[in-house]
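First comes the structure, then the notes that go with it.
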Amino acid sequence: MASPRSRVGLFVTCLADMFRPEVAFASVKLLEMAGFDVEVPERQTCCGQPAFNSGARHDSAAIARQTIEAFDGFEYVVGPSGSCIGMLHHYPELFAEGDPWHQRALDLKSRAFEITSFLAQHLDMDKLSSSFKGKVTYHDSCSGLRELGVKRQPRELLSKIPGVQICEMEESETCCGFGGTFCVKYPDISNRMVGNKSENIRATGADTLLAGDLGCLLNMAGKLKREGIDIQARHVVEILADMASTPAIGEAEKRS
Amino acid sequence: MQIKSPEFKQNARIALQDANLQRALGNLKAGFPQKRAAAVARLPEFDQLRDEARDLKNHILEHLDLYLEEFEKNVVANGGTVHWCRTAEDARKKILEICKDQDAKTVTKGKSMVTEEIDLNDYLEKNGVTPVETDLGEYILQLRKDHPSHIIAPAIHLNIEDVADAFHEHHKRPKSNDPAHLMREAREMLRKHFVAADVGITGANFLVAETGSTIICTNEGNGDLTQTLPKTHIVVSSIEKLVPTLEDMTLFLRLLARSATGQEFTVYNTLSSGPRRPGDQDGPENFHVVLVDNGRSDMVGSEFQEMLRCIRCSACMNHCPVYGAVGGHSYGWVYPGPMGSVLTPQMVGIENAGLLPNASTFCGKCEEVCPVRIPLPKLMRHWRDKEYEKHLSPTSVRSGLALWSFFATRPKLYRLFASVGNRFLRFKAGKKGRTSKLPLASAWTDHRDMPAPSGKTFMQQWKEQNR
Ligand code: SF4
């Protein structure tokens with residue numbers, strides 16, 4: 001469990017900041033429940049992935065330096081996204097060995113964790129209490145799954161909530177087709193991929209879709225809505241923090 | 001072969017709407033990945049073998065020159081000849097020259113991707129030598145004047161009806177949709193070619209330095225007839241197929257079959273070690289190995305060196321959701337899927353093939369299944385770096401990124417920008433919580449709704465709460 005009052009810097013992620021503040025609030029709540037002092041450094045913006053994956057290394061390095069400085073001095077850096085935390089883990093690649101920033105990037109990497117894997121390690125799971133009730137299905141977002149090994153952690157946490165029944169979908173580990181800029185650069189292919197995904201989600205009979213990455217969730221929720229499939233999409237921390245009383249992603253009002 | 005990679009997007013769009021292709025791709029998706037998974041599950045040390053294979057390949061690539069020399073020395077000692085070809089053109093010419101020396105009219109061919117790479121068939125044909133493909137898939141493609149869409153299952157884009165039509169048209173026999181019947185028919189047709197061919201050309205899965213041997217792994221046995229019956233056997237291989245010893249080769253054979261088809265072992269694994277020796281029952285009189293470089297030695301020592309570990313198992317494409325959606329022809333050149341998205345820019349130029357390394361969500365599935373642990377997403381990203389450095393990425397992308405980076409490196413401005421965007425999206429969505437049309441975002445909203453922000457930005461709310 002946490003040493004007394006260690007400081008965690010919350011990496012909000014640009015998508016949670018912009019689209020779904022609940023996800024960041026839920027993260028704060030859970031981290032505090034685990035006994036940490038949570039701070040939100042002002043100098044953070046985005047992890048830099050759009051630049052990194054488009055070949056703009058100079059820009060990604062500038063963003064990396066800013067993020068490294070913003071999170072200096074925190075014992076841990078935790079974020080509600082496997083993809084953004086995965087990006088923080090890529091920072092050392094942006095600097096040549098011997099460059100002092102390389103060392104600082106390695107140091108940040110060693111302190112940076114995706115939220116569900118961090119909670120699985122540091123939270124006394126019996127403290128979790130959530131009034132949520134429903135059949136959920138879980139999409140394993142690619143970066144979290146393959147770069148950070150996030151698979152059992154969210155399920156373990158969810159299993160502590162009595163009202164949650166998990167119905168696994170077919171191909172839960174297959175990409176939803178978001179891929180950052182991919183979804184707008186190759187809209188037809190992305191559409192096929194998210195179409196397959198929404199079919200697999202629908203087939204479970206679940207009423208709620210959960211995942212640990214907002215990029216994928218916005219993509220899948222947008223597709224489910226467009227296809228008129230009545231399934232609510234939420235970030236997993238909303239359930240874990242008992243904050244699922246707000247409207248789901250892409251919905252205006254809370255349904256009973 | 002004409003390079004159609006610049007049309008990747010159009011190719012993909014057409015492929016997505018091609019019902020027959022989609023049916024064929026559905027079979028692939030259900031087949032290979034499941035068989036591989038079952039085979040891997042039966043071999044607990046699979047991952048350990050992958051590590052060994054990666055390390056061994058790295059060692060070989062560090063000493064490629066030494067092993068190539070050893071290989072040549074041993075081929076010559078066995079009575080064969082090695083030809084070094086720097087370019088595709090050199091390789092084509094050399095092969096034609098050998099055929100002409102033999103007065104060859106027809107050559108039979110085993111399945112070989114490197115001969116596709118050097119565009120051998122067209123060249124031979126134009127120069128009066130008729131190539132006959134003997135691998136069933138390749139034979140079908142040759143009849144249809146088509147090209148492989150997959151590196152081990154070349155005709156995977158076809159359905160049985162397409163094969164029946166092609167056979168009916170070319171063989172002038174009654175039409176049948178029965179796979180066993182079609183197979184028999186192809187065998188009958190091929191038999192006379194096997195016997196008549198003056199030269200047999202095969203690829204190689206591996207080259208063994210210590211014995212000067214080459215090996216082909218097939219499931220049809222066609223390669224054996226191709227290389228034992230004619231007077232002359234030409235092996236065409238790229239330089240990175242080298243392994244030091246026979247024992248090393250067995251490590252790769254174990255990984256190859258499981259990763260490719262989920263078999264424990266390929267059905268026919270045939271070694272060739274030079275021409276027929278006195279007392280041998282069969283075998284060719286002449287044995288040539290044509291070693292093709294075609295840009296590979298430039299990859300040694302570059303950021304793309306790891307790609308040379310590839311053993312052409314096809315696992316990366318079998319598991320790729322993009323390949324699975326659009327099929328191999330969309331990629332527009334010889335090698336499709338993730339491995340092709342790294343190799344093609346090397347061989348035809350990033351200015352022609354830039355769309356390929358971009359056509360990935362970086363989901364990482366390819367790297368997860370690659371038996372020699374090639375970090376394919378990282379290598380595709382390296383191509384994107386090069387593209388950006390050379391100012392080849394579209395201007396809209398570049399200026400969009402520049403603008404975005406400008407804000408992202410100025411946190412205060414960024415907050416302002418985010419709150420304006422946030423308000424705009426909420427305004428557009430009205431009371432619905434999402435919007436189905438957004439200016440400049442049709443690539444998104446053509447296919448899915450855009451969820452609206454649920455309230456002010458987190459940073460605004462956090463500040464307001466005075467925390
Ligand atoms: S890149 Fe890896 S998975 Fe793909 S064909 Fe080569 S060896 Fe197989």
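Each chain in the structure tokens gets a letter, A, B and so on, in the order shown; residues start at 1 in every chain, and ligands are counted from 1 in the order they appear.
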Inset, instruction - Extract, using only C-alpha atoms, all DNA, RNA and protein residues at most 8 Å from range 67-74 of chain B, discarding same-chain residues fewer than 6 positions from it, and format them as a PyMOL selection string. - result: chain B and resi 60+81-82+207-213+239+242-244
Around ligand 1, at most 10 Å away and counting only C-alpha atoms and all ligand atoms, which residues are there? Put them as a PDB file with C-alpha atoms, in the first residue's frame, please.
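Wrote it out as out.pdb, contents follow:
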ATOM      1  CA  ARG B  54      15.809 -12.813 -32.583  1.00  0.00           C
ATOM      2  CA  ILE B 151       3.213 -13.970 -49.105  1.00  0.00           C
ATOM      3  CA  ILE B 152       2.390 -17.600 -48.305  1.00  0.00           C
ATOM      4  CA  LEU B 255       8.951 -21.050 -35.595  1.00  0.00           C
ATOM      5  CA  LEU B 256       8.103 -20.644 -39.262  1.00  0.00           C
ATOM      6  CA  SER B 259       3.677 -18.793 -37.056  1.00  0.00           C
ATOM      7  CA  ALA B 260       2.552 -19.234 -40.630  1.00  0.00           C
ATOM      8  CA  GLU B 306      15.751  -5.259 -37.689  1.00  0.00           C
ATOM      9  CA  MET B 307      13.469  -5.796 -40.682  1.00  0.00           C
ATOM     10  CA  LEU B 308      16.095  -8.129 -42.107  1.00  0.00           C
ATOM     11  CA  ARG B 309      15.253 -10.631 -39.373  1.00  0.00           C
ATOM     12  CA  CYS B 310      12.006 -11.367 -41.222  1.00  0.00           C
ATOM     13  CA  ILE B 311      11.473 -15.037 -42.093  1.00  0.00           C
ATOM     14  CA  ARG B 312       8.415 -14.354 -44.279  1.00  0.00           C
ATOM     15  CA  CYS B 313       5.976 -16.295 -42.125  1.00  0.00           C
ATOM     16  CA  SER B 314       3.057 -13.918 -42.816  1.00  0.00           C
ATOM     17  CA  ALA B 315       1.840 -13.857 -39.213  1.00  0.00           C
ATOM     18  CA  CYS B 316       1.942 -10.052 -39.174  1.00  0.00           C
ATOM     19  CA  MET B 317      -0.481  -9.739 -42.068  1.00  0.00           C
ATOM     20  CA  ASN B 318      -2.682 -12.602 -40.896  1.00  0.00           C
ATOM     21  CA  HIS B 319      -3.285 -10.749 -37.660  1.00  0.00           C
ATOM     22  CA  CYS B 320      -3.378  -7.201 -39.019  1.00  0.00           C
ATOM     23  CA  TYR B 335       4.874  -7.301 -50.046  1.00  0.00           C
ATOM     24  CA  PRO B 336       1.639  -6.461 -48.226  1.00  0.00           C
ATOM     25  CA  GLY B 337       0.676  -6.019 -44.597  1.00  0.00           C
ATOM     26  CA  PRO B 338       2.895  -4.664 -41.839  1.00  0.00           C
ATOM     27  CA  MET B 339       6.117  -6.238 -43.122  1.00  0.00           C
ATOM     28  CA  GLY B 340       5.367  -4.791 -46.550  1.00  0.00           C
ATOM     29  CA  SER B 341       4.719  -1.373 -45.084  1.00  0.00           C
ATOM     30  CA  VAL B 342       8.304  -1.392 -43.834  1.00  0.00           C
ATOM     31  CA  LEU B 343       9.945  -3.095 -46.830  1.00  0.00           C
ATOM     32  CA  LYS B 365      -0.643  -6.881 -32.954  1.00  0.00           C
ATOM     33  CA  CYS B 366       1.956  -7.558 -35.658  1.00  0.00           C
ATOM     34  CA  GLU B 367       4.838  -7.128 -33.249  1.00  0.00           C
ATOM     35  CA  GLU B 368       3.020  -9.306 -30.731  1.00  0.00           C
ATOM     36  CA  VAL B 369       2.939 -12.263 -33.131  1.00  0.00           C
ATOM     37  CA  CYS B 370       6.177 -11.809 -35.076  1.00  0.00           C
ATOM     38  CA  PRO B 371       8.336 -14.897 -34.433  1.00  0.00           C
ATOM     39  CA  VAL B 372      11.557 -12.880 -34.622  1.00  0.00           C
ATOM     40  CA  ARG B 373      10.164  -9.968 -32.630  1.00  0.00           C
ATOM     41  CA  ILE B 374      10.501  -7.270 -35.246  1.00  0.00           C
ATOM     42  CA  PRO B 375       9.184  -3.995 -33.793  1.00  0.00           C
ATOM     43  CA  LEU B 376       7.084  -3.298 -36.881  1.00  0.00           C
TER      44      LEU B 376
END
Do you have, as CSV, the list of residues of chain B lying at most 7 Å from chain A, each with its nearest atom pair and that distance in Å to one decimal, counting only C-alpha atoms and ordered by chain then number?
residue,atom,partner,partner_atom,distance
B:Arg13,CA,A:Asp188,CA,6.4
B:Val322,CA,A:Ile189,CA,6.8
B:Ala325,CA,A:Ile189,CA,6.8
B:Ser360,CA,A:Phe182,CA,6.9
B:Thr361,CA,A:Gly179,CA,4.0
B:Phe362,CA,A:Gly179,CA,6.7
B:Cys363,CA,A:Cys142,CA,5.0
B:Gly364,CA,A:Arg146,CA,6.6
B:Arg381,CA,A:Asn53,CA,6.3
B:Arg384,CA,A:Gly55,CA,4.7
B:Asp385,CA,A:Gly55,CA,3.6
B:Tyr388,CA,A:Gly55,CA,5.4
B:Leu401,CA,A:Ala51,CA,6.6
B:Ser405,CA,A:Asp59,CA,6.3
B:Ala408,CA,A:Thr45,CA,5.8
B:Thr409,CA,A:Ile63,CA,5.8
B:Pro411,CA,A:Arg43,CA,5.5
B:Ala418,CA,A:Met18,CA,6.4
B:Asn422,CA,A:Met18,CA,5.9
B:Lys431,CA,A:Ala252,CA,6.1
B:Lys432,CA,A:Ala252,CA,5.1
B:Gly433,CA,A:Ala252,CA,4.1
B:Arg434,CA,A:Gly250,CA,5.0
B:Ala443,CA,A:Val184,CA,5.1
B:Trp444,CA,A:Val184,CA,6.0
B:His447,CA,A:Asn191,CA,6.3
B:Arg448,CA,A:Lys223,CA,4.5
B:Asp449,CA,A:Gly222,CA,4.3
B:Met450,CA,A:Gly222,CA,5.6
B:Pro451,CA,A:Gly250,CA,3.9
B:Ala452,CA,A:Gly250,CA,5.9
B:Pro453,CA,A:Phe19,CA,3.9
B:Ser454,CA,A:Arg20,CA,5.8
B:Thr457,CA,A:Met18,CA,5.0
B:Phe458,CA,A:Pro21,CA,4.5
B:Met459,CA,A:Asp17,CA,6.4
Inset, instruction - Just the alpha helix (DSSP H) stuff from range 111-204 of chain B, please, per backbone DSSP, written as JSON, numbers by chain. - result: {"B": [113, 114, 115, 116, 117, 120, 121, 122, 123, 124, 125, 126, 136, 137, 138, 139, 140, 141, 142, 143, 160, 161, 162, 163, 164, 165, 166, 167, 168, 169, 170, 171, 179, 180, 181, 182, 183, 184, 185, 186, 187, 188, 189, 190, 191, 192, 193, 194, 195, 196]}
Go ahead and save the picked residues with N, CA and C atoms, as a tab-separated table (two decimals), in the first residue's frame.
chain	number	residue	atom	x	y	z
B	113	MET	N	8.69	-15.29	-53.42
B	113	MET	CA	8.33	-13.87	-53.40
B	113	MET	C	9.45	-13.00	-53.97
B	114	VAL	N	10.69	-13.48	-53.82
B	114	VAL	CA	11.77	-12.62	-54.31
B	114	VAL	C	11.75	-12.56	-55.84
B	115	THR	N	11.24	-13.63	-56.50
B	115	THR	CA	11.12	-13.52	-57.96
B	115	THR	C	9.99	-12.56	-58.35
B	116	GLU	N	9.01	-12.40	-57.46
B	116	GLU	CA	8.01	-11.34	-57.69
B	116	GLU	C	8.67	-9.98	-57.54
B	117	GLU	N	9.49	-9.90	-56.51
B	117	GLU	CA	10.17	-8.63	-56.22
B	117	GLU	C	11.00	-8.18	-57.42
B	120	LEU	N	10.41	-11.30	-62.24
B	120	LEU	CA	11.11	-12.23	-63.13
B	120	LEU	C	10.24	-12.75	-64.28
B	121	ASN	N	8.99	-13.12	-63.95
B	121	ASN	CA	8.18	-13.79	-64.97
B	121	ASN	C	8.02	-12.96	-66.24
B	122	ASP	N	7.66	-11.71	-66.08
B	122	ASP	CA	7.47	-10.83	-67.23
B	122	ASP	C	8.74	-10.77	-68.07
B	123	TYR	N	9.83	-10.64	-67.37
B	123	TYR	CA	11.12	-10.49	-68.03
B	123	TYR	C	11.47	-11.74	-68.83
B	124	LEU	N	11.29	-12.89	-68.23
B	124	LEU	CA	11.59	-14.14	-68.94
B	124	LEU	C	10.72	-14.25	-70.18
B	125	GLU	N	9.45	-13.99	-69.98
B	125	GLU	CA	8.50	-14.13	-71.07
B	125	GLU	C	8.88	-13.23	-72.25
B	126	LYS	N	9.22	-11.98	-71.92
B	126	LYS	CA	9.61	-11.03	-72.97
B	126	LYS	C	10.85	-11.49	-73.71
B	136	LEU	N	0.14	-24.29	-56.47
B	136	LEU	CA	-1.24	-24.21	-56.95
B	136	LEU	C	-1.75	-22.77	-56.97
B	137	GLY	N	-1.52	-22.07	-55.88
B	137	GLY	CA	-1.99	-20.68	-55.81
B	137	GLY	C	-1.36	-19.84	-56.89
B	138	GLU	N	-0.05	-19.97	-57.04
B	138	GLU	CA	0.65	-19.18	-58.06
B	138	GLU	C	0.21	-19.58	-59.47
B	139	TYR	N	-0.06	-20.86	-59.65
B	139	TYR	CA	-0.53	-21.34	-60.96
B	139	TYR	C	-1.85	-20.67	-61.33
B	140	ILE	N	-2.74	-20.63	-60.34
B	140	ILE	CA	-4.04	-19.98	-60.58
B	140	ILE	C	-3.83	-18.52	-60.95
B	141	LEU	N	-2.96	-17.86	-60.21
B	141	LEU	CA	-2.71	-16.44	-60.48
B	141	LEU	C	-2.12	-16.24	-61.86
B	142	GLN	N	-1.23	-17.15	-62.25
B	142	GLN	CA	-0.61	-17.00	-63.56
B	142	GLN	C	-1.67	-17.10	-64.67
B	143	LEU	N	-2.59	-18.05	-64.51
B	143	LEU	CA	-3.66	-18.17	-65.50
B	143	LEU	C	-4.46	-16.87	-65.57
B	160	ILE	N	-13.44	-20.04	-54.44
B	160	ILE	CA	-13.35	-21.26	-55.25
B	160	ILE	C	-13.96	-21.05	-56.65
B	161	GLU	N	-15.01	-20.23	-56.73
B	161	GLU	CA	-15.66	-19.99	-58.03
B	161	GLU	C	-14.69	-19.31	-59.00
B	162	ASP	N	-13.87	-18.42	-58.48
B	162	ASP	CA	-12.90	-17.73	-59.35
B	162	ASP	C	-11.93	-18.74	-59.94
B	163	VAL	N	-11.53	-19.71	-59.12
B	163	VAL	CA	-10.59	-20.72	-59.57
B	163	VAL	C	-11.25	-21.59	-60.63
B	164	ALA	N	-12.49	-21.98	-60.34
B	164	ALA	CA	-13.22	-22.82	-61.30
B	164	ALA	C	-13.33	-22.11	-62.65
B	165	ASP	N	-13.65	-20.82	-62.62
B	165	ASP	CA	-13.77	-20.06	-63.87
B	165	ASP	C	-12.44	-20.04	-64.63
B	166	ALA	N	-11.36	-19.78	-63.91
B	166	ALA	CA	-10.05	-19.68	-64.57
B	166	ALA	C	-9.68	-21.01	-65.20
B	167	PHE	N	-9.91	-22.10	-64.48
B	167	PHE	CA	-9.55	-23.42	-65.02
B	167	PHE	C	-10.40	-23.74	-66.24
B	168	HIS	N	-11.69	-23.45	-66.12
B	168	HIS	CA	-12.59	-23.74	-67.23
B	168	HIS	C	-12.15	-22.99	-68.49
B	169	GLU	N	-11.80	-21.74	-68.31
B	169	GLU	CA	-11.40	-20.92	-69.45
B	169	GLU	C	-10.10	-21.42	-70.09
B	170	HIS	N	-9.14	-21.78	-69.26
B	170	HIS	CA	-7.82	-22.11	-69.80
B	170	HIS	C	-7.63	-23.59	-70.12
B	171	HIS	N	-8.28	-24.44	-69.35
B	171	HIS	CA	-8.09	-25.89	-69.56
B	171	HIS	C	-9.12	-26.45	-70.53
B	179	PRO	N	-13.02	-28.52	-54.79
B	179	PRO	CA	-11.59	-28.27	-54.60
B	179	PRO	C	-10.72	-29.47	-54.96
B	180	ALA	N	-11.14	-30.67	-54.57
B	180	ALA	CA	-10.33	-31.86	-54.85
B	180	ALA	C	-10.20	-32.07	-56.36
B	181	HIS	N	-11.33	-31.85	-57.03
B	181	HIS	CA	-11.32	-32.00	-58.49
B	181	HIS	C	-10.38	-30.99	-59.14
B	182	LEU	N	-10.47	-29.76	-58.67
B	182	LEU	CA	-9.64	-28.69	-59.24
B	182	LEU	C	-8.16	-29.00	-59.02
B	183	MET	N	-7.88	-29.51	-57.85
B	183	MET	CA	-6.49	-29.85	-57.52
B	183	MET	C	-5.98	-30.93	-58.48
B	184	ARG	N	-6.81	-31.95	-58.71
B	184	ARG	CA	-6.40	-33.03	-59.63
B	184	ARG	C	-6.16	-32.48	-61.03
B	185	GLU	N	-7.06	-31.60	-61.42
B	185	GLU	CA	-6.95	-31.03	-62.76
B	185	GLU	C	-5.63	-30.25	-62.90
B	186	ALA	N	-5.31	-29.46	-61.87
B	186	ALA	CA	-4.07	-28.68	-61.92
B	186	ALA	C	-2.87	-29.62	-61.99
B	187	ARG	N	-2.91	-30.70	-61.20
B	187	ARG	CA	-1.81	-31.67	-61.21
B	187	ARG	C	-1.58	-32.23	-62.60
B	188	GLU	N	-2.70	-32.62	-63.22
B	188	GLU	CA	-2.59	-33.20	-64.56
B	188	GLU	C	-1.95	-32.22	-65.53
B	189	MET	N	-2.40	-30.98	-65.45
B	189	MET	CA	-1.89	-29.95	-66.36
B	189	MET	C	-0.40	-29.71	-66.11
B	190	LEU	N	-0.04	-29.73	-64.84
B	190	LEU	CA	1.34	-29.37	-64.50
B	190	LEU	C	2.32	-30.49	-64.83
B	191	ARG	N	1.81	-31.71	-64.83
B	191	ARG	CA	2.73	-32.85	-64.96
B	191	ARG	C	3.63	-32.72	-66.19
B	192	LYS	N	3.01	-32.40	-67.32
B	192	LYS	CA	3.80	-32.33	-68.55
B	192	LYS	C	4.85	-31.22	-68.47
B	193	HIS	N	4.50	-30.16	-67.76
B	193	HIS	CA	5.47	-29.07	-67.62
B	193	HIS	C	6.67	-29.50	-66.77
B	194	PHE	N	6.37	-30.23	-65.70
B	194	PHE	CA	7.46	-30.70	-64.83
B	194	PHE	C	8.47	-31.49	-65.65
B	195	VAL	N	7.95	-32.33	-66.52
B	195	VAL	CA	8.83	-33.20	-67.29
B	195	VAL	C	9.55	-32.43	-68.40
B	196	ALA	N	8.84	-31.47	-69.00
B	196	ALA	CA	9.41	-30.78	-70.16
B	196	ALA	C	10.39	-29.67	-69.79
Inset, instruction - Please provide the set of residues having any atom within 12 Å of range 4-9 of chain A, restricted to only C-alpha atoms, with same-chain residues fewer than 5 positions apart removed, written as a VMD selection string. - result: chain A and resid 24 27 to 28 30 to 44 67 to 80 108 111 to 113 115 118 122
Let me see the file: selected residues, C-alpha atoms, as a JSON list (two decimals), in the first residue's frame.
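What follows is the written file selection26.json:
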[["chain", "number", "residue", "atom", "x", "y", "z"],
["A", 24, "ALA", "CA", -10.02, 13.01, -14.34],
["A", 27, "SER", "CA", -9.05, 9.34, -11.14],
["A", 28, "VAL", "CA", -8.39, 11.89, -8.40],
["A", 30, "LEU", "CA", -9.54, 6.78, -6.64],
["A", 31, "LEU", "CA", -5.96, 7.90, -6.10],
["A", 32, "GLU", "CA", -6.95, 9.70, -2.91],
["A", 33, "MET", "CA", -8.82, 6.62, -1.80],
["A", 34, "ALA", "CA", -5.53, 4.77, -2.26],
["A", 35, "GLY", "CA", -3.88, 7.22, 0.10],
["A", 36, "PHE", "CA", -2.06, 9.58, -2.20],
["A", 37, "ASP", "CA", -1.86, 13.34, -2.34],
["A", 38, "VAL", "CA", -2.95, 14.21, -5.84],
["A", 39, "GLU", "CA", -1.83, 17.31, -7.68],
["A", 40, "VAL", "CA", -2.54, 18.49, -11.19],
["A", 41, "PRO", "CA", 0.52, 20.27, -12.59],
["A", 42, "GLU", "CA", -0.44, 23.34, -14.60],
["A", 43, "ARG", "CA", 2.19, 22.99, -17.28],
["A", 44, "GLN", "CA", 0.86, 19.78, -18.78],
["A", 67, "THR", "CA", 5.91, 17.24, -19.69],
["A", 68, "ILE", "CA", 9.08, 16.02, -18.02],
["A", 69, "GLU", "CA", 9.49, 19.38, -16.30],
["A", 70, "ALA", "CA", 5.84, 19.56, -15.33],
["A", 71, "PHE", "CA", 6.10, 16.27, -13.47],
["A", 72, "ASP", "CA", 9.47, 16.79, -11.86],
["A", 73, "GLY", "CA", 9.48, 15.86, -8.21],
["A", 74, "PHE", "CA", 6.39, 13.65, -8.16],
["A", 75, "GLU", "CA", 6.86, 10.19, -6.82],
["A", 76, "TYR", "CA", 4.36, 8.88, -9.33],
["A", 77, "VAL", "CA", 2.74, 10.14, -12.50],
["A", 78, "VAL", "CA", -0.60, 8.50, -13.19],
["A", 79, "GLY", "CA", -2.97, 8.96, -16.11],
["A", 80, "PRO", "CA", -6.30, 7.48, -17.21],
["A", 108, "LEU", "CA", 9.83, 9.92, -15.84],
["A", 111, "ARG", "CA", 7.44, 6.83, -12.42],
["A", 112, "ALA", "CA", 4.61, 6.87, -14.99],
["A", 113, "PHE", "CA", 1.67, 4.45, -14.68],
["A", 115, "ILE", "CA", -4.39, 4.23, -13.74],
["A", 118, "PHE", "CA", -1.47, 1.60, -10.63],
["A", 122, "HIS", "CA", -1.63, 0.37, -4.66]]
Legend entry - Spatial neighbours of range 91-99 of chain A, max dist 6 Å, only C-alpha atoms, sep filter under 4 positions, as a list in words: Ala61, Ala105 and Leu106 of chain A
Write the residues of the preceding selection, restricted to N, CA and C atoms, as a PDB file, in the first residue's frame.
ATOM      1  N   ALA A  61       9.636  16.187 -29.185  1.00  0.00           N
ATOM      2  CA  ALA A  61      10.674  16.351 -28.163  1.00  0.00           C
ATOM      3  C   ALA A  61      10.397  17.599 -27.316  1.00  0.00           C
ATOM      4  N   ALA A 105      14.056  11.569 -19.131  1.00  0.00           N
ATOM      5  CA  ALA A 105      12.930  10.851 -19.746  1.00  0.00           C
ATOM      6  C   ALA A 105      12.827   9.433 -19.175  1.00  0.00           C
ATOM      7  N   LEU A 106      13.985   8.811 -18.975  1.00  0.00           N
ATOM      8  CA  LEU A 106      13.984   7.465 -18.375  1.00  0.00           C
ATOM      9  C   LEU A 106      13.420   7.523 -16.959  1.00  0.00           C
TER      10      LEU A 106
END
Test item: residues at most 8 Å from His329 in chain B, only C-alpha atoms, excluding those fewer than 6 positions along its chain, as a tab-separated table (two decimals) with all heavy atoms, in the first residue's frame:
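Everything below was put into out-v7.tsv:
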chain	number	residue	atom	x	y	z
B	11	ASN	N	-7.47	2.10	-53.62
B	11	ASN	CA	-7.47	0.63	-53.65
B	11	ASN	C	-8.25	0.09	-52.45
B	11	ASN	O	-9.04	-0.84	-52.57
B	11	ASN	CB	-6.04	0.09	-53.56
B	11	ASN	CG	-5.16	0.57	-54.70
B	11	ASN	OD1	-5.66	1.05	-55.70
B	11	ASN	ND2	-3.85	0.45	-54.53
B	148	PRO	N	0.27	-12.23	-56.43
B	148	PRO	CA	-0.03	-12.66	-55.06
B	148	PRO	C	-0.54	-11.50	-54.21
B	148	PRO	O	-0.08	-10.37	-54.35
B	148	PRO	CB	1.32	-13.12	-54.52
B	148	PRO	CG	2.22	-13.29	-55.68
B	148	PRO	CD	1.69	-12.43	-56.78
B	149	SER	N	-1.48	-11.82	-53.32
B	149	SER	CA	-1.96	-10.80	-52.39
B	149	SER	C	-1.52	-11.14	-50.97
B	149	SER	O	-1.92	-10.48	-50.02
B	149	SER	CB	-3.48	-10.69	-52.44
B	149	SER	OG	-4.07	-11.88	-51.97
B	336	PRO	N	2.73	-7.18	-48.89
B	336	PRO	CA	1.64	-6.46	-48.23
B	336	PRO	C	1.74	-6.52	-46.70
B	336	PRO	O	2.68	-7.10	-46.15
B	336	PRO	CB	0.41	-7.24	-48.69
B	336	PRO	CG	0.89	-8.65	-48.79
B	336	PRO	CD	2.37	-8.58	-49.16
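Taking CA of Leu209 in chain A and CA of Val236 in chain A as endpoints, the distance between them is 8.8 Å.
The space between CA of His90 in chain A and CA of Val40 in chain B spans 29.4 Å.
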Inset, instruction - Select from range 134-240 of chain A everything DSSP, run on the backbone, classes as strand (DSSP E), then give the selection as a count of residues only. - result: 16
